[in-house]
file protein-v9.txt (compact mmCIF, C-alpha atoms)
# COMPACT_ATOMS: atom_id res chain seq x y z
CA MET A 1 155.02 21.82 97.48
CA GLY A 2 156.57 18.38 97.38
CA SER A 3 159.15 19.13 94.68
CA LYS A 4 162.88 19.50 94.74
CA LYS A 5 164.03 23.02 94.10
CA THR A 6 166.09 23.33 90.93
CA ASP A 7 168.81 25.85 90.21
CA ILE A 8 167.12 27.85 87.46
CA THR A 9 170.26 29.79 86.58
CA SER A 10 171.95 26.67 85.15
CA ALA A 11 169.61 26.32 82.14
CA PRO A 12 170.65 27.63 78.72
CA PRO A 13 168.13 30.31 77.66
CA ALA A 14 167.52 28.66 74.27
CA LEU A 15 166.61 25.30 75.79
CA ARG A 16 162.96 24.64 76.61
CA ARG A 17 162.82 23.01 80.00
CA ASP A 18 159.96 21.36 81.81
CA PRO A 19 157.67 24.21 83.01
CA TYR A 20 157.24 22.47 86.36
CA GLU A 21 161.00 22.36 86.74
CA VAL A 22 161.39 26.01 85.78
CA LEU A 23 158.84 27.15 88.38
CA SER A 24 160.05 24.58 90.96
CA VAL A 25 156.59 23.11 91.51
CA SER A 26 155.22 19.58 91.36
CA ARG A 27 152.81 18.28 88.74
CA ASP A 28 149.97 18.15 91.27
CA SER A 29 150.50 21.76 92.42
CA THR A 30 147.42 23.97 92.68
CA ASP A 31 146.85 27.04 90.55
CA GLN A 32 147.60 29.24 93.54
CA GLU A 33 150.91 27.47 94.22
CA ILE A 34 151.94 27.88 90.60
CA LYS A 35 151.02 31.55 90.61
CA THR A 36 152.93 32.19 93.85
CA ALA A 37 156.03 30.46 92.48
CA TYR A 38 155.81 32.45 89.26
CA ARG A 39 155.52 35.79 91.03
CA LYS A 40 158.57 35.13 93.18
CA LEU A 41 160.74 34.04 90.26
CA ALA A 42 159.49 36.84 88.01
CA LEU A 43 160.42 39.34 90.70
CA LYS A 44 163.83 37.71 91.16
CA TYR A 45 164.78 37.76 87.47
CA HIS A 46 162.94 40.90 86.39
CA PRO A 47 165.06 43.02 83.97
CA ASP A 48 164.49 46.13 86.10
CA LYS A 49 166.41 44.51 88.94
CA ASN A 50 169.07 42.89 86.75
CA ALA A 51 170.04 45.56 84.25
CA SER A 52 173.68 44.41 84.21
CA ASN A 53 172.82 40.71 83.91
CA PRO A 54 171.60 39.75 80.40
CA GLU A 55 171.15 36.12 81.49
CA ALA A 56 168.48 37.22 83.96
CA SER A 57 166.40 38.62 81.09
CA GLU A 58 166.40 35.22 79.36
CA LEU A 59 165.49 33.49 82.61
CA PHE A 60 162.65 35.95 83.10
CA LYS A 61 161.29 35.04 79.63
CA GLU A 62 161.61 31.34 80.46
CA VAL A 63 159.69 31.80 83.69
CA ALA A 64 156.97 33.79 81.88
CA TYR A 65 156.74 31.15 79.13
CA SER A 66 156.45 28.33 81.64
CA TYR A 67 153.75 30.18 83.55
CA SER A 68 151.81 30.84 80.32
CA ILE A 69 151.51 27.06 79.95
CA LEU A 70 150.75 26.03 83.51
CA SER A 71 148.35 28.92 84.24
CA ASP A 72 146.06 27.89 81.37
CA PRO A 73 144.07 24.72 82.23
CA GLU A 74 143.78 23.62 78.60
CA LYS A 75 147.46 24.20 77.77
CA ARG A 76 148.50 22.51 80.99
CA ARG A 77 146.36 19.48 80.12
CA GLN A 78 147.86 19.33 76.63
CA TYR A 79 151.40 19.58 77.96
CA ASP A 80 150.79 16.92 80.61
CA SER A 81 149.51 14.59 77.89
CA LEU A 82 151.88 15.17 74.97
CA GLY A 83 154.53 17.65 76.06
CA PHE A 84 155.67 20.63 74.01
CA GLU A 85 154.58 18.97 70.76
CA ALA A 86 150.95 19.58 71.69
CA LEU A 87 151.49 23.33 72.02
CA ASP A 88 151.70 25.97 69.36
CA VAL A 89 154.60 28.12 70.53
CA GLU A 90 153.50 31.08 68.43
CA SER A 91 150.12 31.21 70.17
CA MET A 92 151.53 31.61 73.67
CA ASP A 93 150.25 34.71 75.41
CA MET A 94 153.26 36.58 76.79
CA GLU A 95 153.05 39.42 79.25
CA ILE A 96 154.95 42.65 78.65
CA ASP A 97 156.18 45.15 81.21
CA LEU A 98 155.27 48.66 80.04
CA SER A 99 157.85 50.22 82.35
CA ASN A 100 160.58 48.37 80.45
CA LEU A 101 159.29 48.80 76.88
CA GLY A 102 160.68 52.17 75.88
CA THR A 103 158.79 55.01 74.25
CA VAL A 104 158.65 53.67 70.68
CA ASN A 105 157.48 50.18 71.64
CA THR A 106 154.97 51.65 74.08
CA VAL A 107 153.48 53.72 71.24
CA PHE A 108 153.08 50.61 69.09
CA ALA A 109 151.56 48.66 72.00
CA ALA A 110 149.11 51.51 72.65
CA LEU A 111 148.18 51.60 68.96
CA PHE A 112 147.47 47.87 68.80
CA SER A 113 145.47 48.08 72.03
CA LYS A 114 143.40 50.93 70.58
CA LEU A 115 142.68 48.78 67.53
CA GLY A 116 141.25 46.09 69.79
CA VAL A 117 144.24 43.72 69.97
CA PRO A 118 144.49 42.35 73.53
CA ILE A 119 147.83 43.38 75.04
CA LYS A 120 148.72 41.41 78.15
CA THR A 121 150.80 43.49 80.55
CA THR A 122 152.64 42.53 83.67
CA ILE A 123 153.02 44.49 86.89
CA SER A 124 156.08 46.63 87.43
CA ALA A 125 158.79 44.89 89.43
CA ASN A 126 159.18 48.00 91.60
CA VAL A 127 155.55 47.77 92.75
CA LEU A 128 155.86 44.06 93.54
CA GLU A 129 159.14 44.55 95.39
CA GLU A 130 157.81 47.40 97.52
CA ALA A 131 154.79 45.29 98.43
CA LEU A 132 156.98 42.30 99.23
CA ASN A 133 159.14 44.46 101.48
CA GLY A 134 156.07 45.93 103.20
CA THR A 135 157.10 49.50 102.37
CA VAL A 136 153.87 50.53 100.63
CA THR A 137 151.34 52.99 102.06
CA VAL A 138 147.99 51.32 102.80
CA ARG A 139 144.85 53.45 102.99
CA PRO A 140 141.77 52.14 104.86
CA LEU A 141 138.70 51.18 102.80
CA PRO A 142 135.80 50.43 105.18
CA VAL A 143 133.18 47.96 103.98
CA GLY A 144 130.23 49.80 102.48
CA THR A 145 132.27 52.80 101.31
CA SER A 146 134.05 53.89 98.15
CA VAL A 147 137.19 55.90 97.39
CA SER A 148 138.00 57.73 94.16
CA GLY A 149 141.43 58.72 92.93
CA LYS A 150 143.98 58.92 90.14
CA VAL A 151 146.98 56.61 89.92
CA GLU A 152 150.05 57.17 87.75
CA LYS A 153 150.89 54.64 85.04
CA GLN A 154 152.76 51.59 86.32
CA CYS A 155 152.11 52.68 89.93
CA ALA A 156 149.63 51.38 92.51
CA HIS A 157 147.40 52.67 95.31
CA PHE A 158 147.01 50.20 98.19
CA PHE A 159 143.89 49.80 100.35
CA GLY A 160 143.17 47.79 103.48
CA VAL A 161 139.70 46.21 103.85
CA THR A 162 138.95 45.04 107.37
CA ILE A 163 136.07 42.54 107.78
CA ASN A 164 134.54 40.80 110.78
CA GLU A 165 133.29 37.21 111.13
CA GLN A 166 129.74 37.99 110.01
CA GLN A 167 130.91 39.86 106.92
CA ALA A 168 133.38 37.12 106.04
CA GLU A 169 130.65 34.52 106.28
CA ALA A 170 128.23 36.55 104.16
CA GLY A 171 130.84 37.26 101.50
CA ILE A 172 132.81 40.28 100.30
CA VAL A 173 132.90 42.03 96.92
CA VAL A 174 135.57 44.55 95.89
CA ARG A 175 134.99 46.41 92.61
CA VAL A 176 136.78 49.17 90.71
CA THR A 177 135.22 51.24 87.94
CA SER A 178 136.44 54.06 85.70
CA THR A 179 134.02 56.37 83.91
CA THR A 180 136.92 57.66 81.79
CA GLN A 181 137.55 54.10 80.52
CA SER A 182 141.02 54.00 82.03
CA LYS A 183 143.01 50.77 81.92
CA PHE A 184 143.91 49.40 85.33
CA LYS A 185 144.41 46.22 87.33
CA LEU A 186 142.71 45.25 90.57
CA LEU A 187 145.23 43.40 92.76
CA TYR A 188 144.83 41.28 95.88
CA PHE A 189 147.82 40.61 98.17
CA GLU A 190 148.30 38.01 100.87
CA GLN A 191 150.35 38.56 104.00
CA ASP A 192 153.83 37.01 103.83
CA ALA A 193 155.72 35.58 106.77
CA ASN A 194 158.21 38.44 106.67
CA GLY A 195 155.47 41.06 107.06
CA GLY A 196 155.28 41.98 103.36
CA TYR A 197 152.54 41.38 100.83
CA GLY A 198 152.72 38.80 98.04
CA LEU A 199 150.53 39.14 94.97
CA ALA A 200 147.82 36.46 94.96
CA LEU A 201 145.15 37.65 92.48
CA GLN A 202 144.84 40.19 89.72
CA GLU A 203 141.97 41.27 87.48
CA ASP A 204 142.45 43.37 84.36
CA SER A 205 139.87 46.04 83.63
CA GLU A 206 137.37 45.32 80.89
CA LYS A 207 134.87 47.51 79.07
CA SER A 208 131.30 46.90 80.15
CA GLY A 209 127.93 48.07 78.89
CA LYS A 210 126.90 49.79 82.09
CA GLU A 211 125.72 53.34 81.49
CA ASP A 212 126.98 55.93 83.90
CA SER A 213 124.43 58.34 85.28
CA GLU A 214 126.64 61.40 84.83
CA LYS A 215 128.34 60.50 81.54
CA SER A 216 126.66 58.52 78.81
CA GLY A 217 128.97 55.81 77.61
CA LYS A 218 130.73 52.63 78.63
CA VAL A 219 132.92 52.24 81.68
CA THR A 220 135.86 49.99 82.45
CA SER A 221 135.58 47.80 85.51
CA ALA A 222 137.12 44.90 87.40
CA GLY A 223 135.87 43.00 90.42
CA MET A 224 136.72 40.27 92.90
CA TYR A 225 133.93 38.21 94.42
CA PHE A 226 134.58 36.22 97.61
CA LEU A 227 131.15 34.56 97.94
CA HIS A 228 131.93 30.98 99.07
CA PHE A 229 131.26 29.50 95.63
CA GLN A 230 133.35 29.24 92.48
CA VAL A 231 133.40 32.50 90.55
CA TYR A 232 135.03 32.88 87.15
CA ARG A 233 136.95 35.71 85.59
CA MET A 234 137.13 36.46 81.88
CA ASP A 235 140.58 36.54 80.26
CA SER A 236 140.10 38.28 76.92
CA THR A 237 143.59 37.42 75.68
CA VAL A 238 143.01 33.66 75.74
CA ASN A 239 143.27 32.30 72.20
CA ALA A 240 143.51 35.86 70.85
CA LEU A 241 145.93 34.85 68.09
CA ALA A 242 143.86 31.80 67.17
CA ILE A 243 140.80 34.01 66.83
CA ALA A 244 142.76 36.44 64.63
CA LYS A 245 143.73 33.58 62.32
CA ASP A 246 140.19 32.17 62.21
CA PRO A 247 137.43 34.82 62.61
CA ASP A 248 134.80 32.07 62.59
CA ALA A 249 136.29 30.80 65.84
CA ALA A 250 135.75 34.12 67.63
CA PHE A 251 132.23 33.26 68.75
CA PHE A 252 133.07 29.73 69.85
CA LYS A 253 136.19 30.86 71.77
CA ARG A 254 134.37 33.67 73.52
CA LEU A 255 133.65 31.66 76.66
CA GLU A 256 136.98 29.83 76.64
CA GLY A 257 138.49 32.81 78.44
CA LEU A 258 136.57 31.91 81.61
CA GLN A 259 139.14 31.07 84.28
CA PRO A 260 138.26 30.00 87.83
CA CYS A 261 139.28 32.47 90.54
CA GLU A 262 141.80 30.90 92.91
CA VAL A 263 140.33 32.45 96.06
CA SER A 264 136.60 32.15 96.75
CA GLU A 265 136.39 33.38 100.34
CA LEU A 266 138.11 35.67 102.85
CA LYS A 267 138.63 35.19 106.55
CA ALA A 268 138.01 37.85 109.16
CA GLY A 269 140.83 40.39 109.35
CA THR A 270 142.46 43.03 107.15
CA HIS A 271 142.99 42.26 103.48
CA ILE A 272 145.15 44.27 101.08
CA PHE A 273 143.90 45.36 97.66
CA ALA A 274 145.50 47.72 95.14
CA VAL A 275 144.58 49.63 92.00
CA TYR A 276 147.41 49.51 89.47
CA GLY A 277 147.56 52.11 86.67
CA ASP A 278 147.78 50.23 83.37
CA ASN A 279 147.35 53.09 80.90
CA PHE A 280 150.14 53.44 78.34
CA PHE A 281 150.78 57.15 78.88
CA LYS A 282 148.33 58.86 81.22
CA THR A 283 147.06 58.44 84.76
CA ALA A 284 144.14 56.13 85.50
CA THR A 285 141.02 57.54 87.11
CA TYR A 286 139.13 55.07 89.30
CA THR A 287 136.60 54.46 92.07
CA ILE A 288 137.09 51.47 94.36
CA GLU A 289 134.41 50.13 96.71
CA ALA A 290 134.10 47.26 99.19
CA LEU A 291 130.69 45.66 99.77
CA CYS A 292 129.25 43.01 102.06
CA ALA A 293 127.13 40.47 100.17
CA LYS A 294 124.65 40.30 103.08
CA THR A 295 122.68 43.19 101.62
CA TYR A 296 122.90 41.68 98.12
CA GLU A 297 121.57 38.18 98.74
CA ASP A 298 119.29 38.16 95.69
CA THR A 299 122.09 39.46 93.50
CA THR A 300 124.47 36.84 94.89
CA GLU A 301 122.05 34.04 94.01
CA LYS A 302 121.60 35.46 90.52
CA LEU A 303 125.39 35.52 90.05
CA LYS A 304 125.68 31.92 91.22
CA ASP A 305 122.95 30.86 88.81
CA ILE A 306 124.33 32.78 85.84
CA GLU A 307 127.83 31.35 86.38
CA ALA A 308 126.36 27.84 86.21
CA GLN A 309 124.42 28.72 83.05
CA ILE A 310 127.53 30.13 81.37
CA LEU A 311 129.52 26.97 82.15
CA ARG A 312 126.77 24.83 80.66
CA LYS A 313 126.65 27.08 77.62
CA ARG A 314 130.41 26.75 77.16
CA ASN A 315 130.08 22.97 77.03
CA GLU A 316 127.17 23.27 74.60
CA LEU A 317 129.21 25.58 72.36
CA ARG A 318 132.06 23.09 72.24
CA GLN A 319 129.66 20.48 70.91
CA PHE A 320 127.90 22.92 68.62
CA GLU A 321 131.21 24.04 67.09
CA THR A 322 131.74 20.52 65.74
CA GLU A 323 128.26 20.52 64.21
CA TYR A 324 128.80 24.01 62.82
CA ARG A 325 132.10 23.07 61.19
CA LYS A 326 130.48 20.11 59.46
CA ALA A 327 127.51 22.21 58.33
CA LEU A 328 129.83 24.96 57.10
CA ALA A 329 131.86 22.47 55.07
CA ARG A 330 128.61 21.10 53.59
CA PHE A 331 127.41 24.64 52.87
CA GLN A 332 130.61 25.46 51.00
CA GLU A 333 130.27 22.25 49.02
CA VAL A 334 126.66 23.07 48.10
CA THR A 335 127.60 26.67 47.27
CA ASN A 336 130.30 25.48 44.88
CA ARG A 337 127.83 23.12 43.22
CA TYR A 338 125.31 25.96 42.98
CA SER A 339 127.82 28.05 41.02
CA GLN A 340 128.62 25.12 38.73
CA GLU A 341 124.95 24.29 38.11
CA LYS A 342 124.12 27.93 37.43
CA GLN A 343 126.91 28.14 34.87
CA SER A 344 125.72 24.90 33.26
CA VAL A 345 122.09 26.10 33.00
CA ASP A 346 123.20 29.44 31.53
CA GLU A 347 125.25 27.61 28.89
CA LEU A 348 122.39 25.26 27.95
CA LEU A 349 119.94 28.16 27.58
CA LYS A 350 122.48 30.02 25.48
CA GLN A 351 122.81 27.03 23.14
CA ARG A 352 119.00 26.73 23.01
CA ASP A 353 118.68 30.40 21.99
CA SER A 354 121.30 29.87 19.30
CA ILE A 355 119.38 26.89 17.90
CA HIS A 356 116.13 28.90 17.93
CA ALA A 357 117.84 31.67 15.98
CA SER A 358 118.73 29.17 13.24
CA PHE A 359 115.06 28.93 12.25
CA THR A 360 114.89 31.95 9.87
CA VAL A 361 113.96 32.83 6.26
CA THR A 362 117.21 34.69 5.84
CA LYS A 363 119.51 32.85 3.40
CA MET A 364 123.26 32.81 3.62
CA VAL A 365 125.20 32.75 0.40
CA SER A 366 128.85 32.01 0.70
CA TYR A 367 131.57 31.72 -1.81
CA LEU A 368 135.27 31.61 -1.85
CA SER A 369 137.25 33.87 -4.14
CA ASN A 370 140.67 35.02 -2.98
CA GLY A 371 139.42 34.59 0.54
CA SER A 372 136.05 33.87 2.13
CA THR A 373 133.23 36.37 1.62
CA SER A 374 129.49 36.05 2.31
CA LYS A 375 126.47 38.14 1.45
CA VAL A 376 122.95 37.78 2.75
CA ILE A 377 120.11 38.10 0.24
CA GLY A 378 116.70 38.12 1.92
CA ASP A 379 113.18 37.86 0.60
CA ASP A 380 112.42 41.17 2.22
CA SER A 381 114.74 42.92 -0.24
CA LYS A 382 113.19 44.77 -3.07
CA ALA A 383 113.60 42.18 -5.86
CA GLU A 384 113.81 43.89 -9.20
CA SER A 385 114.64 42.46 -12.66
CA PRO A 386 117.20 44.03 -15.01
CA VAL A 387 116.04 46.17 -18.01
CA GLU A 388 115.77 44.51 -21.38
CA ASP A 389 116.00 46.52 -24.62
CA GLY A 390 112.49 46.73 -26.00
CA GLY A 391 109.41 44.96 -24.71
CA SER A 392 106.14 46.11 -23.22
CA ASP A 393 107.27 45.71 -19.60
CA GLY A 394 110.12 48.22 -19.65
CA LYS A 395 109.02 49.78 -16.39
CA ASP A 396 109.29 46.48 -14.56
CA LYS A 397 112.61 45.76 -16.18
CA SER A 398 113.85 49.16 -15.08
CA SER A 399 113.03 48.33 -11.51
CA LYS A 400 114.69 44.95 -11.92
CA LYS A 401 117.83 46.70 -13.10
CA LYS A 402 117.97 48.62 -9.84
CA TRP A 403 118.08 45.28 -8.03
CA PHE A 404 121.42 44.64 -9.68
CA ASN A 405 122.65 48.21 -9.35
CA LEU A 406 125.05 47.43 -6.50
CA ASN A 407 128.24 49.23 -5.84
CA LEU A 408 130.47 46.19 -6.33
CA LYS A 409 133.94 45.86 -7.70
CA GLY A 410 136.22 43.13 -9.04
CA SER A 411 135.19 39.60 -8.32
CA GLU A 412 131.93 40.80 -6.79
CA LYS A 413 130.88 42.31 -10.17
CA LYS A 414 131.69 39.08 -11.96
CA PHE A 415 129.52 37.23 -9.44
CA CYS A 416 126.62 39.61 -10.02
CA ILE A 417 126.92 39.15 -13.80
CA PHE A 418 126.71 35.42 -13.25
CA ILE A 419 123.62 35.82 -11.09
CA LYS A 420 122.03 38.12 -13.72
CA GLN A 421 122.57 35.58 -16.48
CA LEU A 422 121.22 32.81 -14.27
CA TYR A 423 118.16 34.93 -13.53
CA PHE A 424 117.46 35.51 -17.26
CA PHE A 425 117.89 31.82 -17.95
CA LEU A 426 115.42 30.86 -15.24
CA GLU A 427 113.00 33.54 -16.43
CA GLU A 428 113.03 32.07 -19.94
CA ILE A 429 112.31 28.63 -18.59
CA VAL A 430 109.34 29.95 -16.59
CA LYS A 431 107.91 31.70 -19.67
CA SER A 432 108.19 28.53 -21.74
CA ILE A 433 106.21 26.61 -19.15
call {"tool": "encode", "arguments": {"input": "protein-v9.txt", "output": "structure tokens"}}
result
Amino acid sequence: MGSKKTDITSAPPALRRDPYEVLSVSRDSTDQEIKTAYRKLALKYHPDKNASNPEASELFKEVAYSYSILSDPEKRRQYDSLGFEALDVESMDMEIDLSNLGTVNTVFAALFSKLGVPIKTTISANVLEEALNGTVTVRPLPVGTSVSGKVEKQCAHFFGVTINEQQAEAGIVVRVTSTTQSKFKLLYFEQDANGGYGLALQEDSEKSGKEDSEKSGKVTSAGMYFLHFQVYRMDSTVNALAIAKDPDAAFFKRLEGLQPCEVSELKAGTHIFAVYGDNFFKTATYTIEALCAKTYEDTTEKLKDIEAQILRKRNELRQFETEYRKALARFQEVTNRYSQEKQSVDELLKQRDSIHASFTVTKMVSYLSNGSTSKVIGDDSKAESPVEDGGSDGKDKSSKKKWFNLNLKGSEKKFCIFIKQLYFFLEEIVKSI
């Protein structure tokens, strides 16, 4: 690969080293070269194989961390430009090995997965080691046929697909589905020089909207498409934490999980695939099938066209996100002003109503005597004059007396006496006129 191999065991676990150095690859290495290097080192330092060596566990984490950077095109570009400073360490997607989790942690992982949180799992070291040693049992899977089965959790069923020159030229598709919505991985192995099989590709199962003819509901599926053009796979865990922190980003990040498949064609010969049980507790039920694209030419062209459309749409969404963010900021600004203006209008109308209410025939009489007291005397009250001894209008005076017959005490009575005297005085003046 054009790089000098470094002794990985000499690095302190707490020190972040150059990911290229950790994986012993050069900066111009291909995705496939990086993945191959990662698989070998992950197998070498896997905790299952190094139970008595705690340093190996730290090295395994370092290898996984380095791979999480270099396997993601965007993170790799950021690291190549600015180094670790350009990466948010907390947002790194780490893989976990269910076979090494323990019961309690497995329960929590299963719970989070059930709630929709993407849990990225790695393949058991035992499965990878058996494949690398060539000790696995390989069942034949002829092109144009399917095989159904059940695989235990963290175990794998291996299949050999033999294709001729015509089939290789036309293209091959291998798909796995589960009508019970089991979690599984579809694996593709390449022949090693020592006769074993090294992991080259893997696809995690995803829920799809396809309706099964026998059971109404969604199915889980995974597929590999070797059709002589670039096909993309969807990694649902990409930017999962970023989406959790910013729900508005969920839509715009939806297509960012598209990752190019490293292998786009197969040569004539026998190729090894496997179905890996990825359920947390139970076995995975599956059906695997191998197809020649020759009989699916129209479908192949549709796939090629839709892949191109999705890539264009991803670029459009990146541009639209910028516009959306600006519009959203403007919307929030306008919404805040709307609330302020509404409050201002309500206050002005309230003041207007108060001013309108001031136009009234009701009079307010206020006085201060050992505190502030006010009484309202309106024209709509029954105005009656007090009774005078003698006179021809005794009846009227009697009614006037009732006007002063208020149940008042103390200073209020003195005030009423004053008003009564004032009334008589004014009455005399009117009579004299």
call {"tool": "residues_around", "arguments": {"input": "protein-v9.txt", "residues": "Arg76 of chain A", "least_positions_apart": "6", "cutoff": "12 Å", "atoms": "all atoms listed in the file", "output": "list in words"}}
result
Asp18, Pro19, Tyr20, Arg27, Asp28, Ser29, Thr30, Asp31, Ile34, Ser66, Tyr67, Ser68, Ile69, Leu70, Leu82, Gly83, Phe84, Ala86 and Leu87 of chain A
call {"tool": "atom_distance", "arguments": {"input": "protein-v9.txt", "atom1": "atom CA of Val334 of chain A", "atom2": "atom CA of Thr322 of chain A"}}
result
18.5 Å
call {"tool": "residues_around", "arguments": {"input": "protein-v9.txt", "residues": "segment 201-205 of chain A", "least_positions_apart": "4", "cutoff": "6 Å", "atoms": "all atoms listed in the file", "output": "list in words"}}
result
Lys183, Phe184, Lys185, Leu186, Leu187, Tyr188, Thr220, Ser221 and Ala222 of chain A
call {"tool": "write_last_selection", "arguments": {"input": "protein-v9.txt", "atoms": "C-alpha atoms", "output": "PDB file, in the frame of the given file"}}
result
ATOM      1  CA  LYS A 183     143.010  50.770  81.920  1.00  0.00           C
ATOM      2  CA  PHE A 184     143.910  49.400  85.330  1.00  0.00           C
ATOM      3  CA  LYS A 185     144.410  46.220  87.330  1.00  0.00           C
ATOM      4  CA  LEU A 186     142.710  45.250  90.570  1.00  0.00           C
ATOM      5  CA  LEU A 187     145.230  43.400  92.760  1.00  0.00           C
ATOM      6  CA  TYR A 188     144.830  41.280  95.880  1.00  0.00           C
ATOM      7  CA  THR A 220     135.860  49.990  82.450  1.00  0.00           C
ATOM      8  CA  SER A 221     135.580  47.800  85.510  1.00  0.00           C
ATOM      9  CA  ALA A 222     137.120  44.900  87.400  1.00  0.00           C
TER      10      ALA A 222
END
call {"tool": "atom_distance", "arguments": {"input": "protein-v9.txt", "atom1": "atom CA of Asp80 of chain A", "atom2": "atom CA of Glu256 of chain A"}}
result
19.3 Å
call {"tool": "atom_distance", "arguments": {"input": "protein-v9.txt", "atom1": "atom CA of Lys153 of chain A", "atom2": "atom CA of Lys282 of chain A"}}
result
6.2 Å
call {"tool": "residues_around", "arguments": {"input": "protein-v9.txt", "residues": "Ala293 of chain A", "least_positions_apart": "5", "cutoff": "9 Å", "atoms": "only C-alpha atoms", "output": "list in words"}}
result
Gln167, Ala170, Gly171, Ile172, Val173, Phe226, Leu227, Thr299 and Thr300 of chain A
call {"tool": "closest_residue", "arguments": {"input": "protein-v9.txt", "among": "A:Ala284, A:Ala168, A:Val263, A:Ala131", "to": "Asn194 of chain A", "atoms": "only C-alpha atoms"}}
result
A:Ala131
call {"tool": "closest_residue", "arguments": {"input": "protein-v9.txt", "among": "A:Thr270, A:Thr283, A:Asn315, A:Gln340", "to": "Asn164 of chain A", "atoms": "only C-alpha atoms"}}
result
A:Thr270
call {"tool": "residues_around", "arguments": {"input": "protein-v9.txt", "residues": "Lys44 of chain A", "least_positions_apart": "4", "cutoff": "10 Å", "atoms": "all atoms listed in the file", "output": "ChimeraX atom specification"}}
result
/A:38-40,48-50,56,59-60,125,129
call {"tool": "closest_residue", "arguments": {"input": "protein-v9.txt", "among": "A:Asp298, A:Glu62, A:Glu152, A:Glu190", "to": "Phe273 of chain A", "atoms": "all atoms listed in the file"}}
result
A:Glu190
call {"tool": "decode", "arguments": {"input": "protein-v9.txt", "residues": "segment 70-84 of chain A", "atoms": "N, CA and C atoms", "output": "compact mmCIF listing (two decimals), in the first residue's frame"}}
result
# COMPACT_ATOMS: atom_id res chain seq x y z
N LEU A 70 -11.61 7.33 8.83
CA LEU A 70 -11.19 7.11 7.44
C LEU A 70 -12.25 6.42 6.59
N SER A 71 -13.21 5.75 7.21
CA SER A 71 -14.25 5.07 6.43
C SER A 71 -15.37 6.02 6.01
N ASP A 72 -15.42 7.21 6.62
CA ASP A 72 -16.43 8.20 6.29
C ASP A 72 -15.79 9.26 5.39
N PRO A 73 -16.24 9.39 4.14
CA PRO A 73 -15.60 10.35 3.21
C PRO A 73 -15.54 11.77 3.74
N GLU A 74 -16.61 12.22 4.38
CA GLU A 74 -16.65 13.59 4.89
C GLU A 74 -15.68 13.78 6.06
N LYS A 75 -15.68 12.83 6.99
CA LYS A 75 -14.77 12.93 8.14
C LYS A 75 -13.31 12.79 7.68
N ARG A 76 -13.09 11.94 6.70
CA ARG A 76 -11.72 11.79 6.19
C ARG A 76 -11.26 13.09 5.53
N ARG A 77 -12.15 13.74 4.79
CA ARG A 77 -11.80 15.01 4.15
C ARG A 77 -11.50 16.08 5.20
N GLN A 78 -12.32 16.12 6.25
CA GLN A 78 -12.10 17.10 7.31
C GLN A 78 -10.77 16.85 8.02
N TYR A 79 -10.49 15.58 8.30
CA TYR A 79 -9.23 15.27 8.98
C TYR A 79 -8.03 15.61 8.10
N ASP A 80 -8.12 15.27 6.82
CA ASP A 80 -7.00 15.58 5.91
C ASP A 80 -6.75 17.08 5.83
N SER A 81 -7.79 17.88 6.00
CA SER A 81 -7.65 19.33 5.88
C SER A 81 -7.16 19.98 7.17
N LEU A 82 -7.79 19.61 8.30
CA LEU A 82 -7.53 20.32 9.55
C LEU A 82 -7.14 19.42 10.72
N GLY A 83 -7.07 18.13 10.51
CA GLY A 83 -6.69 17.24 11.60
C GLY A 83 -7.83 16.99 12.56
N PHE A 84 -7.46 16.58 13.78
CA PHE A 84 -8.47 16.20 14.77
C PHE A 84 -9.35 17.39 15.18
